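K.L.:
Sharing a structure here in structure tokens format.
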Amino acid sequence: MSKLIFHIDANSAYLSWEATYRLQMGEQLDLRLVPSVIGGDEQSRHGIVLTKSIPAKKFNIQTGETLYNARMKCPNIVIVPPRYWLYMKCSSAMHQIFKEYTPQIQRFSVDESFLDFSNMEHLYPDYMKLAKTIKERIKTELGFTVNIGISNNKLLAKVASDFKKPDRIHTLFPHEIKQKMWPLPVEDLFMVGRSTAPKLHNLNINTIGDLANYDLKILNHKFKSHGGIIYNYANGIDNSEVRKSNYIEIKGIGNSTTIPFDACDSDTAHKVLLSLCETVSMRLRDSRNCCTVISINIRGSDMISYSRQKKLTVATDSTRKMYEVACYLFDNVWKGNPIRHLGIHITDFCSNDFYQCCLLDAFNYEKDKSINVVVDAIRLKYGSSSIIRSCFLHSGLSAMCGGIGEEDYPLMSSIL
Amino acid sequence: MKVLALPIEMVSYTDNKGVIRPVRFRMQIGDDPMQVIKIDKVIVKETQKLAGNIMLVYKCQSLIDDVMKLFEIKYEIATCKWILFKI
């Protein structure tokens, strides 16, 4: 019984989806053929590059850098605002095609999925042919190209789909690791990011092969459990299942937002915190948990961030209680500098079946719970903007901020 | 044929199976006067799913100013908008 996993990844997803949509609407220019990027709104200070076209890559434009920088590198670059509803549509259409081939699909993020074809040799004798069929169908029916990585586990499939773009099929079976994966720079490995990579370079680990042949004891000492994970990944070892949903037992929930202007008074900052609390607490109640630790994160206009957290005596899922604590933390830690970015993160969950009261806490949890239940129900039925707190009227702030603004938008996680 | 992608006003006929047939449409190119065009014949009907956006594509022919012309109109299901795509 052999496992066979496909990893299918849309090539420069946001951009090619936008380009396809525009072509369908009658635009003559194909965005994929000129230097172009999908960028956030500069007015509200979300002006970073989200996706770049392949011609834009030649100008050394990086995902995540500011649009200002991108324009410096390539003055006649085309910048297009994002359209998240379109991405959801494309992603769902792609998913619909996958569903015709296998029931075991994990939608890893909006533009990539894992497909499990294990033990289906009789149905699909030739996996190369199958991959070609899927790739060509997406190209002709949906109008964009994908990369397909084929292997025995999710990790190798994911690495394989990243090899050469666009519109390619690559295999990376365990016997190919040595020649295909080990010569790659260590940054290309899943879970090796901008903080791990420099540390690995310090240990003279520059390629994935270096990491795979390194002494595990040193890695464990240096990176703790993460060392073991990346060592296994470098050797192509990964046993995770193709999960039908991305749901994993959550350990924390957080939302943050970049404010469209610099907040200079605590009143505005409190409002932003409240709107973050609304989002976070609704997600918390949806997961049927209560939290006992609340932390806030403040980033000033100087880009320096600091944070504080507090442990509660009574576990809670109440918006108001969370807001109270967030304000308490904020008032204690804020240095008075202009604020660019605020975030709230909650951890240490317990089930919300019952809670332990505290004699010294005068907050009426029962009364607050009933109002939260009603508000959540209204928002679920009529949309998150159907009922808002009056303090957000004419404030220029959204009543529930954080996240992308599109419901059920899948984002990639660090867990395969 | 040239791509025009012009929004148009349409009279269409939907039968009891949900099949939509365009009948006649009205359009204005630039400052020219409004023009009503009767669709004489639908040659091909296709469903396009580009970018996950479903559009019905009709390749039609009509007599416009005594010239037999071929053109393509599209109907976007999500917004119920008709466009004269190519003429």
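FYI, nothing fancy with the structure tokens labels: chains A, B, ... in order, residues from 1 per chain, ligands from 1 as they appear.
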Among the residues of chain B, find those DSSP assigns to strand (DSSP E or B) from the backbone and print them as number ranges by chain.
P.N.:
B: 3-14, 20-27, 35-38, 41-48, 55-64, 67-76, 81-86
K.L.:
Considering only C-alpha atoms, extract the chain A residues located within 6 Å of chain B and return them as a count of residues only.
P.N.:
10
K.L.:
Would you kindly return, as a PyMOL selection string, each protein, DNA or RNA residue with an atom no farther than 10 Å from any atom of region 191-202 of chain A, considering only C-alpha atoms and excluding same-chain residues fewer than 4 positions away?
P.N.:
chain A and resi 185-187+206-207+210-211+219+222-223+226-227+229-230+233+414-416
K.L.:
Nearest residue to Phe173 (chain A) out of A:Ala131, A:Met72, A:Ile208, A:Ile237, using only C-alpha atoms?
P.N.:
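For Phe173 (chain A), the nearest of the given residues is A:Ile237.
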K.L.:
If we count only C-alpha atoms, what is near His95 (chain A) at a cut-off of 12 Å, once residues fewer than 5 positions away on the same chain are taken out, given as a list in words?
P.N.:
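The filter keeps Ile8, Asp9, Ala10, Met88, Lys89, Cys90, Glu100, Tyr101, Thr102, Pro103, Gln104, Ile105, Gln106, Arg107, Phe108, Ser109, Val110, Asp111, Glu112, Ser113, Phe114, Leu115, Ile134, Ile138 and Leu142 of chain A; Gly52 of chain B.
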K.L.:
Given the choices A:Arg71, A:Pro35, A:Leu155, A:Leu216, which gets closest to Ile48 (chain A) if the distance is worked out from only C-alpha atoms?
P.N.:
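Looking only at the distances to Ile48 (chain A), the closest residue turns out to be A:Arg71.
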K.L.:
Of the candidates B:Ile73, B:Ile39, B:Cys60, B:Cys80, which one gets nearest to Val23 (chain B) if we count only C-alpha atoms?
P.N.:
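Ranking B:Ile73, B:Ile39, B:Cys60, B:Cys80 by distance to Val23 (chain B), first place goes to B:Ile39.
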